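Engineer: Sharing query-v9.pdb, PDB, C-alpha atoms, pLDDT in the B column:
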```
ATOM      1  CA  PRO A 128     -36.044 -12.940  40.642  1.00 96.00           C
ATOM      2  CA  ALA A 129     -35.777 -13.362  36.896  1.00 98.00           C
ATOM      3  CA  PRO A 130     -32.460 -14.764  35.642  1.00 98.00           C
ATOM      4  CA  LEU A 131     -30.012 -12.631  33.668  1.00 98.00           C
ATOM      5  CA  ASP A 132     -27.317 -13.850  31.294  1.00 98.00           C
ATOM      6  CA  VAL A 133     -24.208 -11.753  32.069  1.00 98.00           C
ATOM      7  CA  THR A 134     -21.017 -11.687  29.973  1.00 98.00           C
ATOM      8  CA  ALA A 135     -17.751  -9.951  30.875  1.00 98.00           C
ATOM      9  CA  THR A 136     -16.399  -7.778  28.053  1.00 98.00           C
ATOM     10  CA  SER A 137     -12.938  -8.900  26.927  1.00 98.00           C
ATOM     11  CA  ARG A 138     -10.297  -6.185  27.131  1.00 96.00           C
ATOM     12  CA  SER A 139      -6.746  -5.571  25.934  1.00 96.00           C
ATOM     13  CA  THR A 140      -4.308  -3.286  27.710  1.00 96.00           C
ATOM     14  CA  ILE A 141      -0.581  -2.744  28.107  1.00 96.00           C
ATOM     15  CA  TYR A 142       1.466  -3.591  31.172  1.00 96.00           C
ATOM     16  CA  GLY A 143       1.065  -0.871  33.789  1.00 94.00           C
ATOM     17  CA  THR A 144      -2.266   0.438  32.462  1.00 93.00           C
ATOM     18  CA  VAL A 145      -5.403  -0.584  34.379  1.00 93.00           C
ATOM     19  CA  PRO A 146      -8.555  -0.766  32.239  1.00 93.00           C
ATOM     20  CA  SER A 147     -12.104  -0.636  33.543  1.00 94.00           C
ATOM     21  CA  LEU A 148     -13.872  -4.002  33.568  1.00 96.00           C
ATOM     22  CA  GLN A 149     -17.282  -3.962  31.944  1.00 97.00           C
ATOM     23  CA  TYR A 150     -20.067  -6.405  31.181  1.00 98.00           C
ATOM     24  CA  THR A 151     -23.236  -6.803  29.158  1.00 98.00           C
ATOM     25  CA  TYR A 152     -26.397  -8.649  30.058  1.00 98.00           C
ATOM     26  CA  THR A 153     -29.616  -9.929  28.560  1.00 98.00           C
ATOM     27  CA  GLY A 154     -32.832 -11.259  30.065  1.00 98.00           C
ATOM     28  CA  LEU A 155     -34.777  -8.164  31.051  1.00 98.00           C
ATOM     29  CA  VAL A 156     -38.537  -8.765  31.208  1.00 98.00           C
ATOM     30  CA  ASN A 157     -41.757  -6.946  32.000  1.00 97.00           C
ATOM     31  CA  GLY A 158     -40.716  -3.905  29.940  1.00 97.00           C
ATOM     32  CA  ASP A 159     -37.728  -3.125  32.172  1.00 97.00           C
ATOM     33  CA  THR A 160     -34.853  -1.205  30.568  1.00 97.00           C
ATOM     34  CA  ASN A 161     -32.175  -1.984  33.131  1.00 96.00           C
ATOM     35  CA  ALA A 162     -31.313  -4.005  36.192  1.00 97.00           C
ATOM     36  CA  SER A 163     -29.595  -2.882  39.382  1.00 97.00           C
ATOM     37  CA  PHE A 164     -26.103  -4.288  39.949  1.00 97.00           C
ATOM     38  CA  THR A 165     -23.780  -4.149  42.950  1.00 97.00           C
ATOM     39  CA  GLY A 166     -20.135  -5.114  43.348  1.00 97.00           C
ATOM     40  CA  GLN A 167     -17.592  -5.374  40.563  1.00 96.00           C
ATOM     41  CA  LEU A 168     -15.805  -7.780  38.269  1.00 97.00           C
ATOM     42  CA  ALA A 169     -12.379  -9.127  39.085  1.00 96.00           C
ATOM     43  CA  SER A 170      -9.284 -10.449  37.308  1.00 96.00           C
ATOM     44  CA  SER A 171      -5.969 -11.833  38.493  1.00 93.00           C
ATOM     45  CA  GLY A 172      -4.460  -9.631  35.800  1.00 93.00           C
ATOM     46  CA  LEU A 173      -5.234  -6.579  37.940  1.00 92.00           C
ATOM     47  CA  THR A 174      -3.517  -6.002  41.272  1.00 87.00           C
ATOM     48  CA  ALA A 175      -3.992  -3.422  43.981  1.00 79.00           C
ATOM     49  CA  THR A 176      -1.111  -1.343  42.560  1.00 82.00           C
ATOM     50  CA  GLY A 177      -1.293  -1.993  38.815  1.00 88.00           C
ATOM     51  CA  THR A 178      -1.346  -4.832  36.328  1.00 91.00           C
ATOM     52  CA  SER A 179       0.086  -8.328  36.582  1.00 93.00           C
ATOM     53  CA  ASP A 180       2.774  -9.583  34.224  1.00 95.00           C
ATOM     54  CA  VAL A 181       2.238  -9.751  30.490  1.00 96.00           C
ATOM     55  CA  GLY A 182      -0.155 -12.537  29.545  1.00 96.00           C
ATOM     56  CA  GLN A 183      -3.823 -13.458  29.252  1.00 97.00           C
ATOM     57  CA  TYR A 184      -6.095 -13.593  32.281  1.00 97.00           C
ATOM     58  CA  ALA A 185      -9.758 -14.409  32.875  1.00 97.00           C
ATOM     59  CA  ILE A 186     -12.212 -11.676  33.840  1.00 97.00           C
ATOM     60  CA  THR A 187     -14.428 -13.271  36.480  1.00 97.00           C
ATOM     61  CA  GLN A 188     -17.660 -12.356  38.223  1.00 97.00           C
ATOM     62  CA  GLY A 189     -15.887 -11.109  41.331  1.00 97.00           C
ATOM     63  CA  THR A 190     -18.428  -9.506  43.681  1.00 97.00           C
ATOM     64  CA  LEU A 191     -20.848  -8.546  40.938  1.00 98.00           C
ATOM     65  CA  ALA A 192     -24.473  -9.261  41.913  1.00 98.00           C
ATOM     66  CA  VAL A 193     -27.976  -8.162  40.912  1.00 97.00           C
ATOM     67  CA  SER A 194     -30.540  -6.852  43.361  1.00 94.00           C
ATOM     68  CA  GLY A 195     -34.283  -6.410  43.193  1.00 94.00           C
ATOM     69  CA  ASN A 196     -36.271  -8.369  40.622  1.00 97.00           C
ATOM     70  CA  TYR A 197     -33.273 -10.051  38.940  1.00 98.00           C
ATOM     71  CA  LYS A 198     -30.451 -12.469  39.654  1.00 97.00           C
ATOM     72  CA  ILE A 199     -27.446 -13.643  37.667  1.00 98.00           C
ATOM     73  CA  GLY A 200     -28.662 -16.860  36.116  1.00 97.00           C
ATOM     74  CA  SER A 201     -25.620 -17.533  33.949  1.00 98.00           C
ATOM     75  CA  TRP A 202     -22.160 -15.972  33.881  1.00 98.00           C
ATOM     76  CA  HIS A 203     -19.555 -15.927  31.088  1.00 98.00           C
ATOM     77  CA  ASP A 204     -15.933 -15.017  31.767  1.00 98.00           C
ATOM     78  CA  GLY A 205     -14.143 -12.544  29.527  1.00 97.00           C
ATOM     79  CA  SER A 206     -10.412 -12.311  28.870  1.00 97.00           C
ATOM     80  CA  LEU A 207      -7.906  -9.619  29.784  1.00 97.00           C
ATOM     81  CA  ASN A 208      -4.865  -9.543  27.506  1.00 97.00           C
ATOM     82  CA  ILE A 209      -1.885  -7.608  28.909  1.00 97.00           C
ATOM     83  CA  ALA A 210       0.701  -6.654  26.278  1.00 97.00           C
ATOM     84  CA  PRO A 211       4.280  -5.448  26.934  1.00 97.00           C
ATOM     85  CA  ALA A 212       4.725  -1.778  27.807  1.00 97.00           C
ATOM     86  CA  PRO A 213       6.739   0.340  25.349  1.00 98.00           C
ATOM     87  CA  LEU A 214      10.291   1.478  26.062  1.00 98.00           C
ATOM     88  CA  THR A 215      12.325   4.193  24.374  1.00 98.00           C
ATOM     89  CA  VAL A 216      15.989   3.201  24.166  1.00 98.00           C
ATOM     90  CA  THR A 217      18.770   5.673  23.352  1.00 98.00           C
ATOM     91  CA  ALA A 218      22.304   4.653  22.439  1.00 98.00           C
ATOM     92  CA  ASN A 219      25.025   6.510  24.335  1.00 96.00           C
ATOM     93  CA  SER A 220      27.472   8.499  22.222  1.00 91.00           C
ATOM     94  CA  ILE A 221      31.109   7.386  22.070  1.00 91.00           C
ATOM     95  CA  ASN A 222      33.129  10.471  22.914  1.00 83.00           C
ATOM     96  CA  SER A 223      36.616   8.949  22.996  1.00 83.00           C
ATOM     97  CA  PRO A 224      38.350   8.866  19.592  1.00 82.00           C
ATOM     98  CA  ILE A 225      38.572   5.560  17.771  1.00 93.00           C
ATOM     99  CA  ARG A 226      41.295   5.166  15.192  1.00 94.00           C
ATOM    100  CA  TYR A 227      41.021   2.931  12.142  1.00 95.00           C
ATOM    101  CA  GLY A 228      42.671  -0.393  12.876  1.00 92.00           C
ATOM    102  CA  THR A 229      41.926  -0.421  16.594  1.00 92.00           C
ATOM    103  CA  ALA A 230      41.888  -4.002  17.852  1.00 91.00           C
ATOM    104  CA  PRO A 231      38.479  -5.457  18.794  1.00 92.00           C
ATOM    105  CA  SER A 232      39.778  -6.176  22.305  1.00 91.00           C
ATOM    106  CA  THR A 233      40.075  -2.428  22.903  1.00 91.00           C
ATOM    107  CA  PHE A 234      36.742  -1.432  21.391  1.00 93.00           C
ATOM    108  CA  PRO A 235      34.607   0.796  23.638  1.00 92.00           C
ATOM    109  CA  SER A 236      31.483  -0.768  25.073  1.00 93.00           C
ATOM    110  CA  LEU A 237      28.226   0.221  23.381  1.00 95.00           C
ATOM    111  CA  SER A 238      25.804   1.247  26.105  1.00 96.00           C
ATOM    112  CA  TYR A 239      22.318   2.726  26.248  1.00 98.00           C
ATOM    113  CA  THR A 240      19.724   4.348  28.451  1.00 98.00           C
ATOM    114  CA  TYR A 241      15.979   3.795  28.430  1.00 98.00           C
ATOM    115  CA  THR A 242      12.744   5.377  29.604  1.00 98.00           C
ATOM    116  CA  GLY A 243       9.190   4.123  29.948  1.00 98.00           C
ATOM    117  CA  LEU A 244       9.221   2.032  33.121  1.00 98.00           C
ATOM    118  CA  VAL A 245       5.785   1.685  34.711  1.00 96.00           C
ATOM    119  CA  ASN A 246       4.053  -0.151  37.530  1.00 94.00           C
ATOM    120  CA  GLY A 247       6.735   0.904  40.028  1.00 92.00           C
ATOM    121  CA  ASP A 248       9.464  -1.056  38.221  1.00 96.00           C
ATOM    122  CA  THR A 249      13.042   0.154  38.620  1.00 97.00           C
ATOM    123  CA  SER A 250      14.551  -1.766  35.704  1.00 97.00           C
ATOM    124  CA  ALA A 251      13.747  -3.796  32.609  1.00 98.00           C
ATOM    125  CA  ALA A 252      15.385  -6.994  31.359  1.00 98.00           C
ATOM    126  CA  PHE A 253      17.245  -7.002  28.038  1.00 98.00           C
ATOM    127  CA  THR A 254      18.893  -9.547  25.782  1.00 98.00           C
ATOM    128  CA  GLY A 255      21.331  -9.023  22.914  1.00 98.00           C
ATOM    129  CA  ALA A 256      23.527  -5.998  22.306  1.00 97.00           C
ATOM    130  CA  LEU A 257      23.862  -2.834  20.268  1.00 97.00           C
ATOM    131  CA  ALA A 258      25.930  -2.920  17.081  1.00 96.00           C
ATOM    132  CA  SER A 259      27.768  -0.658  14.642  1.00 95.00           C
ATOM    133  CA  ASP A 260      29.340  -1.295  11.257  1.00 93.00           C
ATOM    134  CA  GLY A 261      32.175   0.867  12.582  1.00 93.00           C
ATOM    135  CA  LEU A 262      33.169  -1.981  14.911  1.00 93.00           C
ATOM    136  CA  THR A 263      33.577  -5.386  13.283  1.00 90.00           C
ATOM    137  CA  ALA A 264      34.721  -8.779  14.523  1.00 89.00           C
ATOM    138  CA  THR A 265      38.188  -8.326  13.033  1.00 88.00           C
ATOM    139  CA  GLY A 266      38.759  -4.589  13.404  1.00 89.00           C
ATOM    140  CA  THR A 267      37.216  -1.240  12.683  1.00 93.00           C
ATOM    141  CA  GLY A 268      35.117  -0.336   9.667  1.00 92.00           C
ATOM    142  CA  HIS A 269      36.253   2.303   7.237  1.00 93.00           C
ATOM    143  CA  ALA A 270      37.227   5.717   8.532  1.00 94.00           C
ATOM    144  CA  GLY A 271      34.301   8.103   8.772  1.00 94.00           C
ATOM    145  CA  HIS A 272      30.973   8.489  10.510  1.00 93.00           C
ATOM    146  CA  HIS A 273      29.035   5.386  11.528  1.00 94.00           C
ATOM    147  CA  LEU A 274      25.808   4.822  13.432  1.00 95.00           C
ATOM    148  CA  ILE A 275      25.293   2.821  16.587  1.00 96.00           C
ATOM    149  CA  THR A 276      22.250   0.682  15.802  1.00 97.00           C
ATOM    150  CA  ILE A 277      19.917  -1.488  17.846  1.00 97.00           C
ATOM    151  CA  GLY A 278      21.656  -4.690  16.719  1.00 97.00           C
ATOM    152  CA  THR A 279      20.156  -7.660  18.559  1.00 98.00           C
ATOM    153  CA  LEU A 280      19.080  -5.694  21.621  1.00 98.00           C
ATOM    154  CA  ALA A 281      15.582  -6.579  22.782  1.00 98.00           C
ATOM    155  CA  ALA A 282      13.540  -6.096  25.935  1.00 98.00           C
ATOM    156  CA  THR A 283      11.989  -9.168  27.525  1.00 97.00           C
ATOM    157  CA  GLY A 284       9.187  -9.875  29.930  1.00 96.00           C
ATOM    158  CA  ASN A 285       6.830  -6.977  30.518  1.00 97.00           C
ATOM    159  CA  TYR A 286       8.488  -4.542  28.106  1.00 98.00           C
ATOM    160  CA  GLN A 287       9.258  -4.139  24.433  1.00 98.00           C
ATOM    161  CA  ILE A 288      11.410  -1.625  22.561  1.00 98.00           C
ATOM    162  CA  THR A 289       9.140   0.521  20.419  1.00 98.00           C
ATOM    163  CA  SER A 290      11.496   3.451  19.826  1.00 98.00           C
ATOM    164  CA  PHE A 291      15.265   3.490  19.363  1.00 98.00           C
ATOM    165  CA  GLN A 292      17.494   6.555  19.034  1.00 97.00           C
ATOM    166  CA  ASN A 293      20.748   6.101  17.095  1.00 95.00           C
ATOM    167  CA  ARG A 294      23.966   7.831  18.018  1.00 94.00           C
ATOM    168  CA  GLY A 295      27.105   8.470  16.028  1.00 92.00           C
ATOM    169  CA  LEU A 296      30.440   6.679  16.085  1.00 93.00           C
ATOM    170  CA  ASP A 297      33.416   8.310  14.383  1.00 94.00           C
ATOM    171  CA  ILE A 298      36.408   6.326  13.142  1.00 95.00           C
ATOM    172  CA  GLN A 299      39.503   8.464  12.631  1.00 95.00           C
ATOM    173  CA  LYS A 300      41.980   7.752   9.857  1.00 95.00           C
ATOM    174  CA  ALA A 301      45.118   5.785  10.716  1.00 94.00           C
ATOM    175  CA  ASP A 302      48.474   7.508  10.269  1.00 94.00           C
ATOM    176  CA  LEU A 303      50.784   6.347   7.473  1.00 94.00           C
ATOM    177  CA  VAL A 304      54.497   6.972   7.122  1.00 95.00           C
ATOM    178  CA  ILE A 305      55.589   7.481   3.522  1.00 95.00           C
ATOM    179  CA  HIS A 306      59.298   6.894   3.053  1.00 95.00           C
ATOM    180  CA  GLY A 307      60.939   7.980  -0.211  1.00 95.00           C
ATOM    181  CA  ASP A 308      63.355   5.316  -1.448  1.00 97.00           C
ATOM    182  CA  ASP A 309      66.983   6.381  -1.938  1.00 97.00           C
ATOM    183  CA  LYS A 310      67.963   6.672  -5.607  1.00 97.00           C
ATOM    184  CA  TYR A 311      71.269   7.120  -7.446  1.00 96.00           C
ATOM    185  CA  MET A 312      72.185   8.547 -10.844  1.00 96.00           C
ATOM    186  CA  THR A 313      75.263   9.751 -12.649  1.00 96.00           C
ATOM    187  CA  TYR A 314      75.832  13.302 -13.701  1.00 96.00           C
ATOM    188  CA  GLY A 315      74.149  13.873 -17.080  1.00 95.00           C
ATOM    189  CA  GLY A 316      72.038  10.703 -16.802  1.00 96.00           C
ATOM    190  CA  ASP A 317      68.297  10.290 -16.605  1.00 96.00           C
ATOM    191  CA  VAL A 318      66.504  10.997 -13.344  1.00 96.00           C
ATOM    192  CA  PRO A 319      65.391   7.598 -12.012  1.00 96.00           C
ATOM    193  CA  ASN A 320      61.819   6.676 -11.260  1.00 97.00           C
ATOM    194  CA  LEU A 321      61.029   7.931  -7.760  1.00 97.00           C
ATOM    195  CA  THR A 322      59.486   5.247  -5.574  1.00 96.00           C
ATOM    196  CA  TYR A 323      58.412   5.009  -1.958  1.00 95.00           C
ATOM    197  CA  THR A 324      57.433   2.559   0.741  1.00 94.00           C
ATOM    198  CA  VAL A 325      54.402   2.774   2.969  1.00 93.00           C
ATOM    199  CA  ARG A 326      54.500   1.985   6.682  1.00 93.00           C
ATOM    200  CA  GLY A 327      51.649   1.887   9.162  1.00 92.00           C
ATOM    201  CA  LEU A 328      49.075  -0.312   7.410  1.00 93.00           C
ATOM    202  CA  VAL A 329      46.621  -1.771   9.912  1.00 91.00           C
ATOM    203  CA  ASN A 330      43.432  -3.838  10.019  1.00 88.00           C
ATOM    204  CA  GLY A 331      44.942  -6.508   7.771  1.00 86.00           C
ATOM    205  CA  ASP A 332      45.260  -4.089   4.859  1.00 90.00           C
ATOM    206  CA  THR A 333      48.023  -4.818   2.353  1.00 87.00           C
ATOM    207  CA  THR A 334      47.712  -1.662   0.304  1.00 83.00           C
ATOM    208  CA  ALA A 335      46.697   1.914   0.823  1.00 80.00           C
ATOM    209  CA  VAL A 336      45.349   4.387  -1.699  1.00 83.00           C
ATOM    210  CA  VAL A 337      48.079   6.945  -2.309  1.00 90.00           C
ATOM    211  CA  SER A 338      47.705   9.486  -5.112  1.00 91.00           C
ATOM    212  CA  GLY A 339      50.155  11.804  -6.799  1.00 94.00           C
ATOM    213  CA  ALA A 340      53.902  11.353  -7.171  1.00 95.00           C
ATOM    214  CA  LEU A 341      57.159  12.247  -5.485  1.00 96.00           C
ATOM    215  CA  THR A 342      59.339  15.067  -6.850  1.00 96.00           C
ATOM    216  CA  THR A 343      63.015  16.024  -6.712  1.00 96.00           C
ATOM    217  CA  ASP A 344      65.009  19.134  -7.501  1.00 95.00           C
ATOM    218  CA  ALA A 345      67.564  17.031  -9.375  1.00 96.00           C
ATOM    219  CA  THR A 346      67.627  17.054 -13.188  1.00 96.00           C
ATOM    220  CA  SER A 347      69.901  15.490 -15.772  1.00 94.00           C
ATOM    221  CA  SER A 348      72.013  18.649 -15.713  1.00 95.00           C
ATOM    222  CA  SER A 349      72.182  18.983 -11.926  1.00 96.00           C
ATOM    223  CA  ASP A 350      75.648  19.083 -10.365  1.00 96.00           C
ATOM    224  CA  VAL A 351      76.981  16.178  -8.426  1.00 97.00           C
ATOM    225  CA  GLY A 352      75.517  16.191  -4.908  1.00 96.00           C
ATOM    226  CA  ARG A 353      72.636  15.092  -2.757  1.00 96.00           C
ATOM    227  CA  TYR A 354      69.071  16.128  -3.511  1.00 95.00           C
TER     228      TYR A 354
END
```
Could I get this structure in the form of C-alpha cells?
Structural biologist:
Amino acid sequence: PAPLDVTATSRSTIYGTVPSLQYTYTGLVNGDTNASFTGQLASSGLTATGTSDVGQYAITQGTLAVSGNYKIGSWHDGSLNIAPAPLTVTANSINSPIRYGTAPSTFPSLSYTYTGLVNGDTSAAFTGALASDGLTATGTGHAGHHLITIGTLAATGNYQITSFQNRGLDIQKADLVIHGDDKYMTYGGDVPNLTYTVRGLVNGDTTAVVSGALTTDATSSSDVGRY
C-alpha cells in the first residue's frame, strides 16, 4: 500500500454540542481521486452522552484506517476546543415593598433563575451576586424605581452568562411628621414667623426638602384666643 499523510481537522464547539470529527489527507497516486477509509476519529473531549468539560483536547486517529491500495503513513492530531455553554439569567422581581431608610440587615435577598443547561446537567455553578443601586451598603438609594443588575454574578466551569434580564426594584418614600412650632403674640402685634420641626429622617439624612410655608388664620387684628 502507498502511504497517506492524514491530518485531523481542528474544531471548536460549545459545551454540550457534539461536532463531527473530520480529516484531510494527501498522498494519492496513480491518478486516484480518493482512498477508502474505515473507522472513525476519536477525542477525549467527546463522551458517549455529550461533551467533556470545557477545555482543549486532542483529536486522535481512533479507529480510522485505510483499506485497499493505501495505508496511513503519517498521522497528525487536531485539537478540539470546548467553550462554555451560554446561560440566560433572569433576576427575580422584589414584590414586597421597600421603604427608604430600610436597614441593610433587613434588605430582601436578590435572587435569580436561569435557563440553558445542557449535557444532562441539573445545575450550574455561580460566583458573585446581583446588585442594585436601590440597596447600598449603608441604606437604601433614593426613593423611586431602580434596576436589579447583574453585579458581580458570573457562571463558572462549563457555563457562561451571555444574556441577563433586569428586573425592577421600587423604593417607597419614607414618612415624615411635620410639627408646627407653637407661637405667641399680643393682640394688635405682628404675626410671628411660623416655623416647624421635621421628624422621621432616616438613612443618615440631616435635612429633608420641604417646600411651601405654614399658614394661620390669626392676623394682627384677630381677637385674643388660640389659632
Engineer: For the point (33.4, 9.1, 9.8) in the file's frame, write as a PyMOL selection string all residues with an atom no more than 7 Å away, counting all atoms listed in the file.
Structural biologist: chain A and resi 270-273+297-299
Engineer: Please produce a file of those selected residues containing C-alpha atoms, as a short mmCIF file (atom, residue, chain, number, x, y, z; two decimals), in the coordinates of the input.
Structural biologist:
```cif
data_model
loop_
_atom_site.label_atom_id
_atom_site.label_comp_id
_atom_site.auth_asym_id
_atom_site.auth_seq_id
_atom_site.Cartn_x
_atom_site.Cartn_y
_atom_site.Cartn_z
CA ALA A 270 37.23 5.72 8.53
CA GLY A 271 34.30 8.10 8.77
CA HIS A 272 30.97 8.49 10.51
CA HIS A 273 29.04 5.39 11.53
CA ASP A 297 33.42 8.31 14.38
CA ILE A 298 36.41 6.33 13.14
CA GLN A 299 39.50 8.46 12.63
#
```
Engineer: Please enumerate the residues selected by the PyMOL selection byres ((chain A and resi 263) around 12) when evaluated against the supplied file, formatted as an mmCIF file with C-alpha atoms, in the coordinates of the input.
Structural biologist:
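part-v8.cif, freshly written:
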```cif
data_model
loop_
_atom_site.group_PDB
_atom_site.id
_atom_site.type_symbol
_atom_site.label_atom_id
_atom_site.label_comp_id
_atom_site.auth_asym_id
_atom_site.auth_seq_id
_atom_site.Cartn_x
_atom_site.Cartn_y
_atom_site.Cartn_z
ATOM 1 C CA TYR A 227 41.021 2.931 12.142
ATOM 2 C CA GLY A 228 42.671 -0.393 12.876
ATOM 3 C CA THR A 229 41.926 -0.421 16.594
ATOM 4 C CA ALA A 230 41.888 -4.002 17.852
ATOM 5 C CA PRO A 231 38.479 -5.457 18.794
ATOM 6 C CA SER A 232 39.778 -6.176 22.305
ATOM 7 C CA THR A 233 40.075 -2.428 22.903
ATOM 8 C CA PHE A 234 36.742 -1.432 21.391
ATOM 9 C CA ALA A 258 25.930 -2.920 17.081
ATOM 10 C CA SER A 259 27.768 -0.658 14.642
ATOM 11 C CA ASP A 260 29.340 -1.295 11.257
ATOM 12 C CA GLY A 261 32.175 0.867 12.582
ATOM 13 C CA LEU A 262 33.169 -1.981 14.911
ATOM 14 C CA ALA A 264 34.721 -8.779 14.523
ATOM 15 C CA THR A 265 38.188 -8.326 13.033
ATOM 16 C CA GLY A 266 38.759 -4.589 13.404
ATOM 17 C CA THR A 267 37.216 -1.240 12.683
ATOM 18 C CA GLY A 268 35.117 -0.336 9.667
ATOM 19 C CA HIS A 269 36.253 2.303 7.237
ATOM 20 C CA HIS A 273 29.035 5.386 11.528
ATOM 21 C CA ASN A 330 43.432 -3.838 10.019
#
```
Engineer: Apply the PyMOL selection byres ((chain A and resi 218) around 12) to the file shown and report the selected residues as a ChimeraX atom specification.
Structural biologist: /A:215-217,219-221,236-242,256-259,274-278,280,290-296
Engineer: Report the residues retrieved by the PyMOL selection byres ((chain A and resi 326) around 12) from the displayed file, expressed as a list in words.
Structural biologist: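 With the shown file as input, the PyMOL selection byres ((chain A and resi 326) around 12) matches Ala301, Asp302, Leu303, Val304, Ile305, His306, Gly307, Tyr323, Thr324, Val325, Gly327, Leu328, Val329, Asp332, Thr333, Thr334 and Ala335 of chain A.
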Engineer: Please produce a file of those selected residues containing C-alpha atoms, as a PDB file, in the frame of the given file.
Structural biologist:
```
ATOM      1  CA  ALA A 301      45.118   5.785  10.716  1.00 94.00           C
ATOM      2  CA  ASP A 302      48.474   7.508  10.269  1.00 94.00           C
ATOM      3  CA  LEU A 303      50.784   6.347   7.473  1.00 94.00           C
ATOM      4  CA  VAL A 304      54.497   6.972   7.122  1.00 95.00           C
ATOM      5  CA  ILE A 305      55.589   7.481   3.522  1.00 95.00           C
ATOM      6  CA  HIS A 306      59.298   6.894   3.053  1.00 95.00           C
ATOM      7  CA  GLY A 307      60.939   7.980  -0.211  1.00 95.00           C
ATOM      8  CA  TYR A 323      58.412   5.009  -1.958  1.00 95.00           C
ATOM      9  CA  THR A 324      57.433   2.559   0.741  1.00 94.00           C
ATOM     10  CA  VAL A 325      54.402   2.774   2.969  1.00 93.00           C
ATOM     11  CA  GLY A 327      51.649   1.887   9.162  1.00 92.00           C
ATOM     12  CA  LEU A 328      49.075  -0.312   7.410  1.00 93.00           C
ATOM     13  CA  VAL A 329      46.621  -1.771   9.912  1.00 91.00           C
ATOM     14  CA  ASP A 332      45.260  -4.089   4.859  1.00 90.00           C
ATOM     15  CA  THR A 333      48.023  -4.818   2.353  1.00 87.00           C
ATOM     16  CA  THR A 334      47.712  -1.662   0.304  1.00 83.00           C
ATOM     17  CA  ALA A 335      46.697   1.914   0.823  1.00 80.00           C
TER      18      ALA A 335
END
```
Engineer: Tell me, counting only C-alpha atoms, for each residue of range 264-344 of chain A within 12 Å of range 207-212 of chain A, which pair of atoms is nearest and how far apart they are in Å to one decimal, in rows ordered by chain and increasing number, as a tab-separated table.
Structural biologist:
```
residue	atom	partner	partner_atom	distance
A:Ala282	CA	A:Pro211	CA	9.3
A:Thr283	CA	A:Pro211	CA	8.6
A:Gly284	CA	A:Pro211	CA	7.3
A:Asn285	CA	A:Pro211	CA	4.7
A:Tyr286	CA	A:Pro211	CA	4.5
A:Gln287	CA	A:Pro211	CA	5.7
A:Ile288	CA	A:Ala212	CA	8.5
A:Thr289	CA	A:Ala212	CA	8.9
A:Ser290	CA	A:Ala212	CA	11.7
```
Engineer: Near Asn157 in chain A, within 12 Å and counting all atoms listed in the file, which residues show up once chain neighbours fewer than 2 positions away are dropped, as a ChimeraX atom specification?
Structural biologist: /A:128-129,154-155,159-162,196-197
Engineer: Neighbours of range 179-195 of chain A within 10 Å (all atoms listed in the file; same-chain residues fewer than 6 positions away dropped), as an mmCIF file with C-alpha atoms, keeping the file's coordinate frame?
Structural biologist:
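Output file out14.cif follows:
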```
data_model
loop_
_atom_site.group_PDB
_atom_site.id
_atom_site.type_symbol
_atom_site.label_atom_id
_atom_site.label_comp_id
_atom_site.auth_asym_id
_atom_site.auth_seq_id
_atom_site.Cartn_x
_atom_site.Cartn_y
_atom_site.Cartn_z
ATOM 1 C CA PRO A 128 -36.044 -12.940 40.642
ATOM 2 C CA ALA A 129 -35.777 -13.362 36.896
ATOM 3 C CA PRO A 130 -32.460 -14.764 35.642
ATOM 4 C CA LEU A 131 -30.012 -12.631 33.668
ATOM 5 C CA VAL A 133 -24.208 -11.753 32.069
ATOM 6 C CA THR A 134 -21.017 -11.687 29.973
ATOM 7 C CA ALA A 135 -17.751 -9.951 30.875
ATOM 8 C CA THR A 136 -16.399 -7.778 28.053
ATOM 9 C CA SER A 137 -12.938 -8.900 26.927
ATOM 10 C CA ARG A 138 -10.297 -6.185 27.131
ATOM 11 C CA SER A 139 -6.746 -5.571 25.934
ATOM 12 C CA THR A 140 -4.308 -3.286 27.710
ATOM 13 C CA ILE A 141 -0.581 -2.744 28.107
ATOM 14 C CA TYR A 142 1.466 -3.591 31.172
ATOM 15 C CA GLY A 143 1.065 -0.871 33.789
ATOM 16 C CA THR A 144 -2.266 0.438 32.462
ATOM 17 C CA VAL A 145 -5.403 -0.584 34.379
ATOM 18 C CA LEU A 148 -13.872 -4.002 33.568
ATOM 19 C CA GLN A 149 -17.282 -3.962 31.944
ATOM 20 C CA TYR A 150 -20.067 -6.405 31.181
ATOM 21 C CA ALA A 162 -31.313 -4.005 36.192
ATOM 22 C CA SER A 163 -29.595 -2.882 39.382
ATOM 23 C CA PHE A 164 -26.103 -4.288 39.949
ATOM 24 C CA THR A 165 -23.780 -4.149 42.950
ATOM 25 C CA GLY A 166 -20.135 -5.114 43.348
ATOM 26 C CA GLN A 167 -17.592 -5.374 40.563
ATOM 27 C CA LEU A 168 -15.805 -7.780 38.269
ATOM 28 C CA ALA A 169 -12.379 -9.127 39.085
ATOM 29 C CA SER A 170 -9.284 -10.449 37.308
ATOM 30 C CA SER A 171 -5.969 -11.833 38.493
ATOM 31 C CA GLY A 172 -4.460 -9.631 35.800
ATOM 32 C CA LEU A 173 -5.234 -6.579 37.940
ATOM 33 C CA TRP A 202 -22.160 -15.972 33.881
ATOM 34 C CA HIS A 203 -19.555 -15.927 31.088
ATOM 35 C CA ASP A 204 -15.933 -15.017 31.767
ATOM 36 C CA GLY A 205 -14.143 -12.544 29.527
ATOM 37 C CA SER A 206 -10.412 -12.311 28.870
ATOM 38 C CA LEU A 207 -7.906 -9.619 29.784
ATOM 39 C CA ASN A 208 -4.865 -9.543 27.506
ATOM 40 C CA ILE A 209 -1.885 -7.608 28.909
ATOM 41 C CA ALA A 210 0.701 -6.654 26.278
ATOM 42 C CA PRO A 211 4.280 -5.448 26.934
ATOM 43 C CA ALA A 212 4.725 -1.778 27.807
ATOM 44 C CA ASN A 246 4.053 -0.151 37.530
ATOM 45 C CA GLY A 284 9.187 -9.875 29.930
ATOM 46 C CA ASN A 285 6.830 -6.977 30.518
ATOM 47 C CA TYR A 286 8.488 -4.542 28.106
#
```
Engineer: In Å to one decimal, how far is CA of Asp308 in chain A from CA of Thr343 in chain A?
Structural biologist: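 We find that CA of Thr343 in chain A and CA of Asp308 in chain A lie 11.9 Å from each other.
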Engineer: Tell me, as a list in words, which residues lie within 9 Å of range 311-314 of chain A, counting all atoms listed in the file; anything in the same chain fewer than 6 positions away does not count.
Structural biologist: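 Here the answer would be Ser347, Ser348, Ser349, Asp350 and Val351 of chain A.
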